[in-house]
>>> print(open('input18.tsv').read())   # TSV, C-alpha atoms
chain	number	residue	atom	x	y	z
X	1	MET	CA	133.20	112.57	11.84
X	2	ILE	CA	134.81	109.61	10.09
X	3	SER	CA	138.14	110.69	11.47
X	4	ASN	CA	136.60	110.82	14.97
X	5	MET	CA	135.18	107.34	14.53
X	6	GLU	CA	138.50	106.06	13.30
X	7	SER	CA	140.37	107.60	16.17
X	8	THR	CA	137.74	106.26	18.60
X	9	GLY	CA	138.19	102.83	17.08
X	10	ARG	CA	141.92	103.07	17.54
X	11	ARG	CA	141.45	104.17	21.11
X	12	TRP	CA	139.18	101.15	21.68
X	13	LEU	CA	141.87	98.86	20.37
X	14	VAL	CA	144.50	100.48	22.56
X	15	ALA	CA	142.14	100.40	25.55
X	16	ALA	CA	141.47	96.69	24.97
X	17	THR	CA	145.20	96.03	24.81
X	18	ALA	CA	145.72	98.10	27.92
X	19	LEU	CA	143.05	96.13	29.74
X	20	ALA	CA	144.67	92.88	28.72
X	21	ALA	CA	148.03	94.17	29.88
X	22	LEU	CA	146.59	95.38	33.16
X	23	GLY	CA	144.84	92.04	33.62
X	24	ALA	CA	148.15	90.28	33.14
X	25	ALA	CA	149.81	92.65	35.57
X	26	LEU	CA	147.07	92.10	38.16
X	27	ALA	CA	147.28	88.34	37.71
X	28	ALA	CA	151.01	88.58	38.23
X	29	GLY	CA	150.40	90.76	41.27
X	30	ARG	CA	147.93	88.23	42.67
X	31	ALA	CA	150.41	85.42	42.15
X	32	HIS	CA	152.98	87.46	44.03
X	33	ALA	CA	150.46	88.22	46.77
X	34	GLN	CA	150.23	84.53	47.66
X	35	THR	CA	153.83	84.59	48.86
X	36	PRO	CA	155.18	87.01	51.46
X	37	PRO	CA	155.59	90.44	49.79
X	38	ALA	CA	159.33	90.76	49.77
X	39	ALA	CA	160.69	94.11	48.61
X	40	GLU	CA	162.45	92.32	45.75
X	41	GLN	CA	159.19	90.84	44.47
X	42	VAL	CA	157.46	94.22	44.65
X	43	ARG	CA	160.32	95.73	42.69
X	44	ALA	CA	160.07	92.96	40.10
X	45	VAL	CA	156.32	93.56	39.66
X	46	ASP	CA	156.95	97.28	39.36
X	47	GLN	CA	159.55	96.64	36.67
X	48	ASP	CA	157.10	94.37	34.83
X	49	VAL	CA	154.46	97.10	34.92
X	50	GLN	CA	156.94	99.65	33.59
X	51	VAL	CA	157.89	97.30	30.74
X	52	LEU	CA	154.21	96.75	29.95
X	53	LYS	CA	153.59	100.49	29.95
X	54	LYS	CA	156.45	101.03	27.54
X	55	GLN	CA	155.19	98.25	25.28
X	56	LEU	CA	151.75	99.85	25.35
X	57	ILE	CA	153.16	103.24	24.33
X	58	ASP	CA	155.17	101.61	21.53
X	59	LEU	CA	152.10	99.70	20.36
X	60	ASN	CA	150.03	102.89	20.38
X	61	ARG	CA	152.67	104.64	18.27
X	62	ASP	CA	152.83	101.73	15.81
X	63	LEU	CA	149.04	101.65	15.55
X	64	PHE	CA	148.98	105.38	14.90
X	65	LYS	CA	151.53	104.99	12.09
X	66	LEU	CA	149.66	102.02	10.65
X	67	GLU	CA	146.36	103.93	10.78
X	68	GLU	CA	147.91	106.86	8.94
X	69	GLU	CA	149.48	104.59	6.30
X	70	LEU	CA	146.21	102.76	5.75
X	71	LEU	CA	143.91	105.79	5.72
X	72	TYR	CA	146.24	108.13	3.86
X	73	PRO	CA	148.44	106.09	1.52
X	74	ALA	CA	151.38	107.98	0.05
X	75	SER	CA	149.91	107.74	-3.47
X	76	THR	CA	146.94	109.94	-2.53
X	77	GLN	CA	148.06	111.73	0.62
X	78	VAL	CA	147.80	115.51	0.89
X	79	ALA	CA	148.84	117.32	4.05
X	80	VAL	CA	148.49	121.02	4.73
X	81	PHE	CA	150.60	122.69	7.41
X	82	LEU	CA	150.46	126.18	8.86
X	83	SER	CA	153.34	128.26	10.16
X	84	VAL	CA	153.89	131.85	11.23
X	85	ASP	CA	157.07	133.76	10.49
X	86	VAL	CA	157.27	136.86	12.75
X	87	GLY	CA	153.62	137.83	12.15
X	88	THR	CA	153.70	141.21	13.90
X	89	PHE	CA	151.22	142.68	11.41
X	90	PHE	CA	148.60	140.00	11.86
X	91	ALA	CA	146.97	138.44	14.93
X	92	LEU	CA	145.64	135.08	13.78
X	93	ASP	CA	142.09	134.19	14.82
X	94	SER	CA	141.00	131.42	12.46
X	95	VAL	CA	141.79	129.63	9.22
X	96	THR	CA	139.29	128.07	6.85
X	97	LEU	CA	140.65	125.66	4.28
X	98	LYS	CA	138.92	124.65	1.09
X	99	VAL	CA	140.10	121.93	-1.27
X	100	ASP	CA	138.44	121.94	-4.68
X	101	ASN	CA	135.83	124.36	-3.32
X	102	LYS	CA	134.85	122.07	-0.45
X	103	GLU	CA	135.54	123.17	3.12
X	104	VAL	CA	137.77	120.58	4.74
X	105	ALA	CA	139.05	122.40	7.81
X	106	HIS	CA	138.11	125.32	10.00
X	107	TYR	CA	140.31	126.08	12.97
X	108	LEU	CA	139.96	128.66	15.75
X	109	TYR	CA	143.26	129.55	17.42
X	110	THR	CA	143.59	130.26	21.12
X	111	ASP	CA	146.20	132.72	22.41
X	112	ARG	CA	148.35	129.82	23.52
X	113	GLU	CA	148.26	128.20	20.08
X	114	VAL	CA	149.17	131.47	18.39
X	115	GLN	CA	152.10	131.86	20.79
X	116	ALA	CA	153.24	128.33	19.93
X	117	LEU	CA	153.14	129.19	16.22
X	118	HIS	CA	155.13	132.37	16.88
X	119	ARG	CA	157.74	130.28	18.67
X	120	GLY	CA	158.24	128.22	15.53
X	121	GLY	CA	155.55	125.59	15.87
X	122	VAL	CA	154.08	124.08	12.71
X	123	GLN	CA	150.50	122.88	12.80
X	124	LYS	CA	149.17	120.03	10.70
X	125	LEU	CA	145.93	121.67	9.64
X	126	TYR	CA	144.62	119.00	7.30
X	127	LEU	CA	145.42	115.48	6.22
X	128	GLY	CA	143.41	113.90	3.42
X	129	ASN	CA	143.39	112.06	0.13
X	130	LEU	CA	143.28	113.42	-3.40
X	131	LYS	CA	143.43	111.54	-6.66
X	132	ALA	CA	146.06	112.42	-9.24
X	133	GLY	CA	145.25	115.46	-11.35
X	134	PRO	CA	144.72	119.21	-11.00
X	135	HIS	CA	143.43	120.57	-7.68
X	136	GLU	CA	142.97	123.88	-5.94
X	137	ILE	CA	143.57	124.78	-2.32
X	138	VAL	CA	142.16	128.03	-0.94
X	139	ALA	CA	142.90	129.23	2.59
X	140	PHE	CA	141.06	132.10	4.28
X	141	PHE	CA	142.86	133.76	7.18
X	142	THR	CA	140.83	135.79	9.68
X	143	GLY	CA	142.24	137.96	12.45
X	144	LYS	CA	143.37	141.44	13.34
X	145	GLY	CA	145.55	143.29	10.89
X	146	PRO	CA	147.52	146.53	11.11
X	147	HIS	CA	145.98	149.15	13.44
X	148	ASP	CA	143.94	146.39	15.10
X	149	ARG	CA	141.49	146.26	12.21
X	150	ASP	CA	139.51	143.15	11.32
X	151	TYR	CA	141.39	141.45	8.56
X	152	ARG	CA	140.44	138.63	6.21
X	153	ARG	CA	142.56	137.45	3.33
X	154	GLY	CA	142.63	134.46	1.04
X	155	ALA	CA	145.50	132.61	-0.58
X	156	THR	CA	145.20	130.11	-3.40
X	157	LEU	CA	147.35	127.34	-4.75
X	158	THR	CA	146.58	125.28	-7.83
X	159	PHE	CA	148.66	122.21	-8.32
X	160	ASP	CA	148.86	118.89	-10.09
X	161	LYS	CA	148.72	115.96	-7.74
X	162	GLU	CA	151.09	113.29	-8.91
X	163	VAL	CA	151.81	109.86	-7.55
X	164	GLY	CA	153.36	110.47	-4.18
X	165	ALA	CA	152.43	112.46	-1.10
X	166	LYS	CA	151.86	116.19	-1.47
X	167	TYR	CA	152.78	118.58	1.33
X	168	VAL	CA	151.57	122.16	1.31
X	169	GLU	CA	152.56	124.92	3.72
X	170	LEU	CA	150.47	127.98	4.55
X	171	ARG	CA	152.79	130.62	5.88
X	172	ILE	CA	151.92	133.92	7.49
X	173	SER	CA	154.78	136.40	7.35
X	174	ASP	CA	155.40	140.14	7.43
X	175	ARG	CA	155.82	142.28	4.35
X	176	VAL	CA	157.96	144.98	5.93
X	177	ALA	CA	157.97	147.26	2.87
X	178	SER	CA	154.20	147.76	2.99
X	179	LEU	CA	153.78	147.10	6.72
X	180	GLU	CA	151.23	144.43	5.91
X	181	PRO	CA	150.97	140.71	6.52
X	182	GLU	CA	151.68	138.31	3.72
X	183	PHE	CA	150.00	134.96	3.20
X	184	VAL	CA	151.96	132.45	1.19
X	185	VAL	CA	150.97	128.98	0.04
X	186	ARG	CA	153.85	126.84	-1.10
X	187	GLN	CA	154.51	123.24	-1.94
X	188	TRP	CA	157.20	121.21	-0.26
X	189	GLU	CA	159.25	119.21	-2.70
Z	1	MET	CA	121.92	87.56	14.03
Z	2	LEU	CA	124.45	87.30	16.83
Z	3	ALA	CA	127.10	88.87	14.61
Z	4	ALA	CA	124.77	91.78	13.79
Z	5	ALA	CA	123.99	92.33	17.48
Z	6	LEU	CA	127.69	92.21	18.32
Z	7	ALA	CA	128.54	94.64	15.52
Z	8	GLY	CA	125.77	96.97	16.69
Z	9	ALA	CA	127.01	96.84	20.26
Z	10	LEU	CA	130.56	97.64	19.12
Z	11	LEU	CA	129.56	100.41	16.72
Z	12	TYR	CA	126.96	102.13	18.94
Z	13	PRO	CA	129.51	103.96	21.10
Z	14	LEU	CA	131.22	105.21	17.93
Z	15	ILE	CA	128.14	106.75	16.34
Z	16	SER	CA	125.99	107.79	19.28
Z	17	HIS	CA	126.07	111.09	21.16
Z	18	ALA	CA	125.18	111.38	24.81
Z	19	VAL	CA	125.98	113.56	27.76
Z	20	PRO	CA	129.43	112.32	28.78
Z	21	ALA	CA	129.13	109.77	31.57
Z	22	LYS	CA	131.03	110.05	34.82
Z	23	GLY	CA	134.60	108.97	34.27
Z	24	ALA	CA	134.48	109.69	30.52
Z	25	VAL	CA	136.81	112.26	29.03
Z	26	ALA	CA	134.92	115.50	28.35
Z	27	PRO	CA	134.91	116.10	24.57
Z	28	ASP	CA	137.25	118.90	23.58
Z	29	PHE	CA	135.99	122.01	21.84
Z	30	VAL	CA	136.95	125.56	21.03
Z	31	LEU	CA	134.56	128.52	21.13
Z	32	LYS	CA	134.72	132.30	21.17
Z	33	ASP	CA	133.85	134.09	24.39
Z	34	VAL	CA	131.83	137.29	24.51
Z	35	SER	CA	134.98	139.40	24.23
Z	36	GLY	CA	136.14	137.57	21.10
Z	37	HIS	CA	138.83	135.33	22.62
Z	38	ASN	CA	139.00	131.71	21.52
Z	39	LEU	CA	138.99	129.26	24.44
Z	40	ARG	CA	139.74	125.56	24.16
Z	41	LEU	CA	138.59	123.19	26.92
Z	42	SER	CA	141.70	120.99	26.75
Z	43	GLU	CA	143.90	123.96	27.62
Z	44	TYR	CA	142.48	123.78	31.15
Z	45	ARG	CA	143.92	120.32	31.81
Z	46	GLY	CA	145.46	120.46	35.26
Z	47	ASP	CA	142.60	122.57	36.62
Z	48	THR	CA	139.21	121.64	37.98
Z	49	VAL	CA	136.64	122.94	35.51
Z	50	VAL	CA	132.92	123.60	35.92
Z	51	LEU	CA	131.19	123.76	32.56
Z	52	SER	CA	127.65	125.09	32.42
Z	53	PHE	CA	125.39	125.16	29.35
Z	54	TRP	CA	122.67	127.78	29.44
Z	55	GLY	CA	120.18	129.80	27.41
Z	56	SER	CA	118.99	133.35	28.02
Z	57	TRP	CA	115.32	132.23	27.87
Z	58	CYS	CA	115.87	129.66	30.65
Z	59	GLY	CA	114.99	130.95	34.14
Z	60	PRO	CA	116.71	128.15	36.12
Z	61	CYS	CA	119.83	128.79	34.04
Z	62	ARG	CA	120.08	132.36	35.36
Z	63	GLU	CA	119.70	131.11	38.92
Z	64	SER	CA	122.37	128.50	38.31
Z	65	LEU	CA	124.73	131.08	36.78
Z	66	THR	CA	124.31	133.37	39.79
Z	67	GLN	CA	125.16	130.47	42.11
Z	68	LEU	CA	128.18	129.52	40.04
Z	69	ASN	CA	129.31	133.13	40.11
Z	70	ALA	CA	129.41	132.90	43.90
Z	71	ILE	CA	131.57	129.76	43.93
Z	72	ALA	CA	134.76	131.82	43.80
Z	73	SER	CA	133.98	133.40	47.15
Z	74	LEU	CA	132.93	130.24	48.99
Z	75	PRO	CA	135.03	129.57	52.10
Z	76	GLY	CA	137.40	126.61	51.93
Z	77	VAL	CA	137.16	126.23	48.14
Z	78	ASP	CA	139.88	127.19	45.68
Z	79	ALA	CA	137.97	128.66	42.78
Z	80	PRO	CA	137.73	126.21	39.90
Z	81	VAL	CA	137.78	127.34	36.27
Z	82	LEU	CA	134.21	128.27	35.41
Z	83	LEU	CA	133.05	128.26	31.79
Z	84	GLY	CA	129.54	129.07	30.64
Z	85	VAL	CA	128.38	127.96	27.21
Z	86	ASN	CA	125.48	129.95	25.81
Z	87	LEU	CA	123.29	128.08	23.34
Z	88	ASP	CA	121.23	131.03	22.06
Z	89	GLY	CA	121.31	131.64	18.37
Z	90	ASP	CA	121.93	135.31	19.16
Z	91	ALA	CA	125.28	136.35	20.63
Z	92	GLY	CA	123.86	139.77	21.56
Z	93	ARG	CA	121.43	138.25	24.05
Z	94	ALA	CA	124.21	136.17	25.59
Z	95	VAL	CA	126.26	139.33	26.08
Z	96	ALA	CA	123.29	141.16	27.62
Z	97	VAL	CA	122.63	138.38	30.15
Z	98	THR	CA	126.34	138.04	30.96
Z	99	GLU	CA	126.49	141.76	31.72
Z	100	SER	CA	123.23	141.92	33.63
Z	101	LEU	CA	124.25	139.02	35.90
Z	102	HIS	CA	127.80	140.44	36.28
Z	103	LEU	CA	129.27	137.04	35.48
Z	104	ALA	CA	132.89	136.87	36.57
Z	105	PHE	CA	133.69	133.91	34.30
Z	106	PRO	CA	133.87	133.59	30.51
Z	107	THR	CA	130.70	133.10	28.53
Z	108	LEU	CA	131.35	131.09	25.38
Z	109	ILE	CA	129.08	131.59	22.41
Z	110	ASP	CA	127.82	128.46	20.67
Z	111	THR	CA	125.49	130.02	18.12
Z	112	LYS	CA	125.62	126.96	15.85
Z	113	GLN	CA	125.05	124.71	18.88
Z	114	SER	CA	127.80	122.40	17.69
Z	115	VAL	CA	129.15	121.97	21.21
Z	116	GLY	CA	125.59	121.60	22.50
Z	117	ARG	CA	125.18	118.65	20.13
Z	118	LEU	CA	128.57	117.26	21.11
Z	119	TYR	CA	127.41	117.15	24.73
Z	120	ASP	CA	123.87	116.12	23.76
Z	121	VAL	CA	122.30	118.97	25.71
Z	122	ASP	CA	118.52	118.56	25.81
Z	123	ASP	CA	117.78	119.86	29.28
Z	124	LEU	CA	119.00	123.21	30.58
Z	125	PRO	CA	120.90	124.12	32.57
Z	126	LEU	CA	123.45	121.35	32.16
Z	127	THR	CA	126.40	121.57	34.54
Z	128	LEU	CA	129.44	119.31	34.42
Z	129	LEU	CA	132.33	119.02	36.84
Z	130	ILE	CA	135.56	118.08	35.06
Z	131	ASP	CA	138.63	116.96	36.97
Z	132	PRO	CA	142.22	118.06	36.24
Z	133	GLU	CA	142.67	115.03	33.95
Z	134	GLY	CA	139.73	116.13	31.82
Z	135	ARG	CA	137.32	113.45	33.08
Z	136	VAL	CA	133.73	114.17	33.97
Z	137	ARG	CA	133.16	113.80	37.73
Z	138	GLY	CA	129.58	115.02	37.96
Z	139	VAL	CA	126.60	115.94	35.79
Z	140	TRP	CA	123.57	117.97	36.88
Z	141	THR	CA	120.66	118.84	34.62
Z	142	GLY	CA	117.41	120.75	34.77
Z	143	ASN	CA	116.11	122.27	37.96
Z	144	THR	CA	118.38	120.25	40.25
Z	145	ASN	CA	120.42	122.61	42.41
Z	146	PRO	CA	123.95	121.34	41.90
Z	147	MET	CA	125.64	123.64	44.41
Z	148	PRO	CA	125.79	121.51	47.59
Z	149	GLU	CA	127.09	118.41	45.84
Z	150	LEU	CA	129.19	120.41	43.36
Z	151	THR	CA	130.95	122.25	46.17
Z	152	ARG	CA	131.57	119.01	48.04
Z	153	ARG	CA	133.04	117.33	44.97
Z	154	ILE	CA	135.24	120.31	44.14
Z	155	LYS	CA	136.63	120.16	47.68
Z	156	GLU	CA	137.22	116.42	47.26
Z	157	LEU	CA	139.06	116.94	43.98
Z	158	GLN	CA	141.19	119.71	45.43
Z	159	SER	CA	142.13	117.61	48.46
Z	160	GLN	CA	143.38	114.73	46.30
>>> encode(input="input18.tsv", output="structure tokens")
Amino acid sequence: MISNMESTGRRWLVAATALAALGAALAAGRAHAQTPPAAEQVRAVDQDVQVLKKQLIDLNRDLFKLEEELLYPASTQVAVFLSVDVGTFFALDSVTLKVDNKEVAHYLYTDREVQALHRGGVQKLYLGNLKAGPHEIVAFFTGKGPHDRDYRRGATLTFDKEVGAKYVELRISDRVASLEPEFVVRQWE
Amino acid sequence: MLAAALAGALLYPLISHAVPAKGAVAPDFVLKDVSGHNLRLSEYRGDTVVLSFWGSWCGPCRESLTQLNAIASLPGVDAPVLLGVNLDGDAGRAVAVTESLHLAFPTLIDTKQSVGRLYDVDDLPLTLLIDPEGRVRGVWTGNTNPMPELTRRIKELQSQ
């Protein structure tokens, strides 16, 4: 909810900037309209608009970075990613993530998203803040396992959060020896 | 006082929920359909989408669903993506109605009514027309028969 409000706030800021930029572009266009519309002038206005668009995209990117740095400073930041390696023994349906026994993320995967993960995509499942000290992450994976049976497994990681960002990867892979899926939680150094 | 009013005016859109207005981006969501597939609204960007919220206890909803079911066979209209969102607390009843009406489009199950709250549904049926850019182009609620205007607007969108 807070994240939605923050992102809405950011969008408002970007929208306000966009409006200002569009206003400037329109004013420029109006100024041009007072003189005969030569092809050169139209081209110049078009170039101005393109430059403004690029500036807007750059500004949006910078605001996004700034927002992330402000809301999730490196000293407390924890990010959890999900990836799938082969994954022939498990059809992913959803993941529920708990941090210190509190549910922080629940994600339902569409067929297209699962395909993207199979093609090597990595999903940022959760981004949050944790104070320094011991913590526990538990992930519950739901889907279809071998022989198309309903399958639900959990994976746990306990770790000490130090000063500095913590990155955790949830990885679904195949355990060929037992013909079963394997769920691994590992920390990125 | 003025500052408080200004702050309220700025914050209200951030904290309030309402049926998305025309021109607003339809809030994204993901739900399971009756066959267990997860469907996400934003994956239909590029298509015209008709989204209809309904309940099995709602008579006008059934009528609306039957009319929507016929949209695919209307002359001069390329069938839009139709998505029904059932707001019953019981998925079994949603499945029964879907089967009895022979619905040819996915019925999504919103047992927790989280998407219903997101769209501030308080009058059923609620039908929304969403353009290929994900913006709401029309909203119809209650007993209003949306079909004539809905069909016209779909044709308009498809001719653009």
>>> closest_residue(input="input18.tsv", among="X:Asn129, X:Val185, X:Lys65, X:Ser94", to="Val114 (chain X)", atoms="all atoms listed in the file")
X:Ser94
>>> atom_distance(input="input18.tsv", atom1="CA of Pro181 (chain X)", atom2="CA of Pro146 (chain X)")
8.2 Å
>>> closest_atom_pairs(input="input18.tsv", of="chain Z", to="chain X", cutoff="7 Å", atoms="only C-alpha atoms", output="CSV")
residue,atom,partner,partner_atom,distance
Z:Leu14,CA,X:Met5,CA,5.6
Z:Val30,CA,X:Leu108,CA,6.8
Z:Asn38,CA,X:Thr110,CA,4.8
Z:Leu39,CA,X:Thr110,CA,5.8
Z:Arg40,CA,X:Thr110,CA,6.8
>>> closest_residue(input="input18.tsv", among="Z:Gly116, Z:Gly84, Z:Gly134, Z:Gly142", to="Asp33 (chain Z)", atoms="all atoms listed in the file")
Z:Gly84
>>> atom_distance(input="input18.tsv", atom1="CA of Val86 (chain X)", atom2="CA of Arg175 (chain X)")
10.1 Å
>>> atom_distance(input="input18.tsv", atom1="CA of Glu103 (chain X)", atom2="CA of Gln77 (chain X)")
17.1 Å
>>> build_atoms(input="input18.tsv", residues="region 73-103 of chain X", atoms="N, CA and C atoms", output="PDB file, in the frame of the given file")
ATOM      1  N   PRO X  73     147.286 106.662   2.205  1.00  0.00           N
ATOM      2  CA  PRO X  73     148.440 106.090   1.520  1.00  0.00           C
ATOM      3  C   PRO X  73     149.215 107.168   0.765  1.00  0.00           C
ATOM      4  N   ALA X  74     150.509 106.950   0.644  1.00  0.00           N
ATOM      5  CA  ALA X  74     151.380 107.980   0.050  1.00  0.00           C
ATOM      6  C   ALA X  74     150.935 108.364  -1.352  1.00  0.00           C
ATOM      7  N   SER X  75     150.294 107.439  -2.077  1.00  0.00           N
ATOM      8  CA  SER X  75     149.910 107.740  -3.470  1.00  0.00           C
ATOM      9  C   SER X  75     148.824 108.809  -3.549  1.00  0.00           C
ATOM     10  N   THR X  76     148.031 108.956  -2.476  1.00  0.00           N
ATOM     11  CA  THR X  76     146.940 109.940  -2.530  1.00  0.00           C
ATOM     12  C   THR X  76     147.036 111.001  -1.440  1.00  0.00           C
ATOM     13  N   GLN X  77     148.017 110.863  -0.570  1.00  0.00           N
ATOM     14  CA  GLN X  77     148.060 111.730   0.620  1.00  0.00           C
ATOM     15  C   GLN X  77     148.339 113.199   0.302  1.00  0.00           C
ATOM     16  N   VAL X  78     147.555 114.069   0.940  1.00  0.00           N
ATOM     17  CA  VAL X  78     147.800 115.510   0.890  1.00  0.00           C
ATOM     18  C   VAL X  78     147.766 116.035   2.318  1.00  0.00           C
ATOM     19  N   ALA X  79     148.802 116.738   2.704  1.00  0.00           N
ATOM     20  CA  ALA X  79     148.840 117.320   4.050  1.00  0.00           C
ATOM     21  C   ALA X  79     149.078 118.812   3.930  1.00  0.00           C
ATOM     22  N   VAL X  80     148.337 119.565   4.738  1.00  0.00           N
ATOM     23  CA  VAL X  80     148.490 121.020   4.730  1.00  0.00           C
ATOM     24  C   VAL X  80     148.954 121.467   6.116  1.00  0.00           C
ATOM     25  N   PHE X  81     150.023 122.217   6.150  1.00  0.00           N
ATOM     26  CA  PHE X  81     150.600 122.690   7.410  1.00  0.00           C
ATOM     27  C   PHE X  81     150.494 124.212   7.484  1.00  0.00           C
ATOM     28  N   LEU X  82     150.502 124.726   8.694  1.00  0.00           N
ATOM     29  CA  LEU X  82     150.460 126.180   8.860  1.00  0.00           C
ATOM     30  C   LEU X  82     151.603 126.635   9.763  1.00  0.00           C
ATOM     31  N   SER X  83     152.258 127.705   9.341  1.00  0.00           N
ATOM     32  CA  SER X  83     153.340 128.260  10.160  1.00  0.00           C
ATOM     33  C   SER X  83     153.254 129.782  10.144  1.00  0.00           C
ATOM     34  N   VAL X  84     153.888 130.388  11.131  1.00  0.00           N
ATOM     35  CA  VAL X  84     153.890 131.850  11.230  1.00  0.00           C
ATOM     36  C   VAL X  84     155.336 132.315  11.326  1.00  0.00           C
ATOM     37  N   ASP X  85     155.710 133.228  10.456  1.00  0.00           N
ATOM     38  CA  ASP X  85     157.070 133.760  10.490  1.00  0.00           C
ATOM     39  C   ASP X  85     156.971 135.234  10.902  1.00  0.00           C
ATOM     40  N   VAL X  86     157.369 135.532  12.117  1.00  0.00           N
ATOM     41  CA  VAL X  86     157.270 136.860  12.750  1.00  0.00           C
ATOM     42  C   VAL X  86     155.784 137.182  12.998  1.00  0.00           C
ATOM     43  N   GLY X  87     155.063 137.627  11.993  1.00  0.00           N
ATOM     44  CA  GLY X  87     153.620 137.830  12.150  1.00  0.00           C
ATOM     45  C   GLY X  87     153.243 138.982  13.051  1.00  0.00           C
ATOM     46  N   THR X  88     154.044 140.064  13.045  1.00  0.00           N
ATOM     47  CA  THR X  88     153.700 141.210  13.900  1.00  0.00           C
ATOM     48  C   THR X  88     152.556 142.047  13.324  1.00  0.00           C
ATOM     49  N   PHE X  89     152.277 141.880  12.032  1.00  0.00           N
ATOM     50  CA  PHE X  89     151.220 142.680  11.410  1.00  0.00           C
ATOM     51  C   PHE X  89     149.870 141.963  11.372  1.00  0.00           C
ATOM     52  N   PHE X  90     149.839 140.775  11.937  1.00  0.00           N
ATOM     53  CA  PHE X  90     148.600 140.000  11.860  1.00  0.00           C
ATOM     54  C   PHE X  90     148.430 139.127  13.108  1.00  0.00           C
ATOM     55  N   ALA X  91     147.296 139.303  13.791  1.00  0.00           N
ATOM     56  CA  ALA X  91     146.970 138.440  14.930  1.00  0.00           C
ATOM     57  C   ALA X  91     145.978 137.393  14.445  1.00  0.00           C
ATOM     58  N   LEU X  92     146.447 136.158  14.363  1.00  0.00           N
ATOM     59  CA  LEU X  92     145.640 135.080  13.780  1.00  0.00           C
ATOM     60  C   LEU X  92     144.460 134.714  14.686  1.00  0.00           C
ATOM     61  N   ASP X  93     143.289 134.614  14.083  1.00  0.00           N
ATOM     62  CA  ASP X  93     142.090 134.190  14.820  1.00  0.00           C
ATOM     63  C   ASP X  93     141.615 132.834  14.314  1.00  0.00           C
ATOM     64  N   SER X  94     141.483 132.699  12.993  1.00  0.00           N
ATOM     65  CA  SER X  94     141.000 131.420  12.460  1.00  0.00           C
ATOM     66  C   SER X  94     141.468 131.213  11.021  1.00  0.00           C
ATOM     67  N   VAL X  95     141.461 129.974  10.612  1.00  0.00           N
ATOM     68  CA  VAL X  95     141.790 129.630   9.220  1.00  0.00           C
ATOM     69  C   VAL X  95     140.712 128.687   8.703  1.00  0.00           C
ATOM     70  N   THR X  96     140.223 128.984   7.522  1.00  0.00           N
ATOM     71  CA  THR X  96     139.290 128.070   6.850  1.00  0.00           C
ATOM     72  C   THR X  96     139.994 127.565   5.589  1.00  0.00           C
ATOM     73  N   LEU X  97     139.954 126.261   5.405  1.00  0.00           N
ATOM     74  CA  LEU X  97     140.650 125.660   4.280  1.00  0.00           C
ATOM     75  C   LEU X  97     139.659 124.972   3.352  1.00  0.00           C
ATOM     76  N   LYS X  98     139.763 125.304   2.081  1.00  0.00           N
ATOM     77  CA  LYS X  98     138.920 124.650   1.090  1.00  0.00           C
ATOM     78  C   LYS X  98     139.802 123.904   0.094  1.00  0.00           C
ATOM     79  N   VAL X  99     139.406 122.692  -0.223  1.00  0.00           N
ATOM     80  CA  VAL X  99     140.100 121.930  -1.270  1.00  0.00           C
ATOM     81  C   VAL X  99     139.068 121.639  -2.352  1.00  0.00           C
ATOM     82  N   ASP X 100     139.370 122.088  -3.552  1.00  0.00           N
ATOM     83  CA  ASP X 100     138.440 121.940  -4.680  1.00  0.00           C
ATOM     84  C   ASP X 100     137.047 122.467  -4.317  1.00  0.00           C
ATOM     85  N   ASN X 101     137.058 123.634  -3.675  1.00  0.00           N
ATOM     86  CA  ASN X 101     135.830 124.360  -3.320  1.00  0.00           C
ATOM     87  C   ASN X 101     134.981 123.660  -2.255  1.00  0.00           C
ATOM     88  N   LYS X 102     135.583 122.729  -1.543  1.00  0.00           N
ATOM     89  CA  LYS X 102     134.850 122.070  -0.450  1.00  0.00           C
ATOM     90  C   LYS X 102     135.602 122.343   0.853  1.00  0.00           C
ATOM     91  N   GLU X 103     134.878 122.846   1.857  1.00  0.00           N
ATOM     92  CA  GLU X 103     135.540 123.170   3.120  1.00  0.00           C
ATOM     93  C   GLU X 103     135.980 121.884   3.822  1.00  0.00           C
TER      94      GLU X 103
END
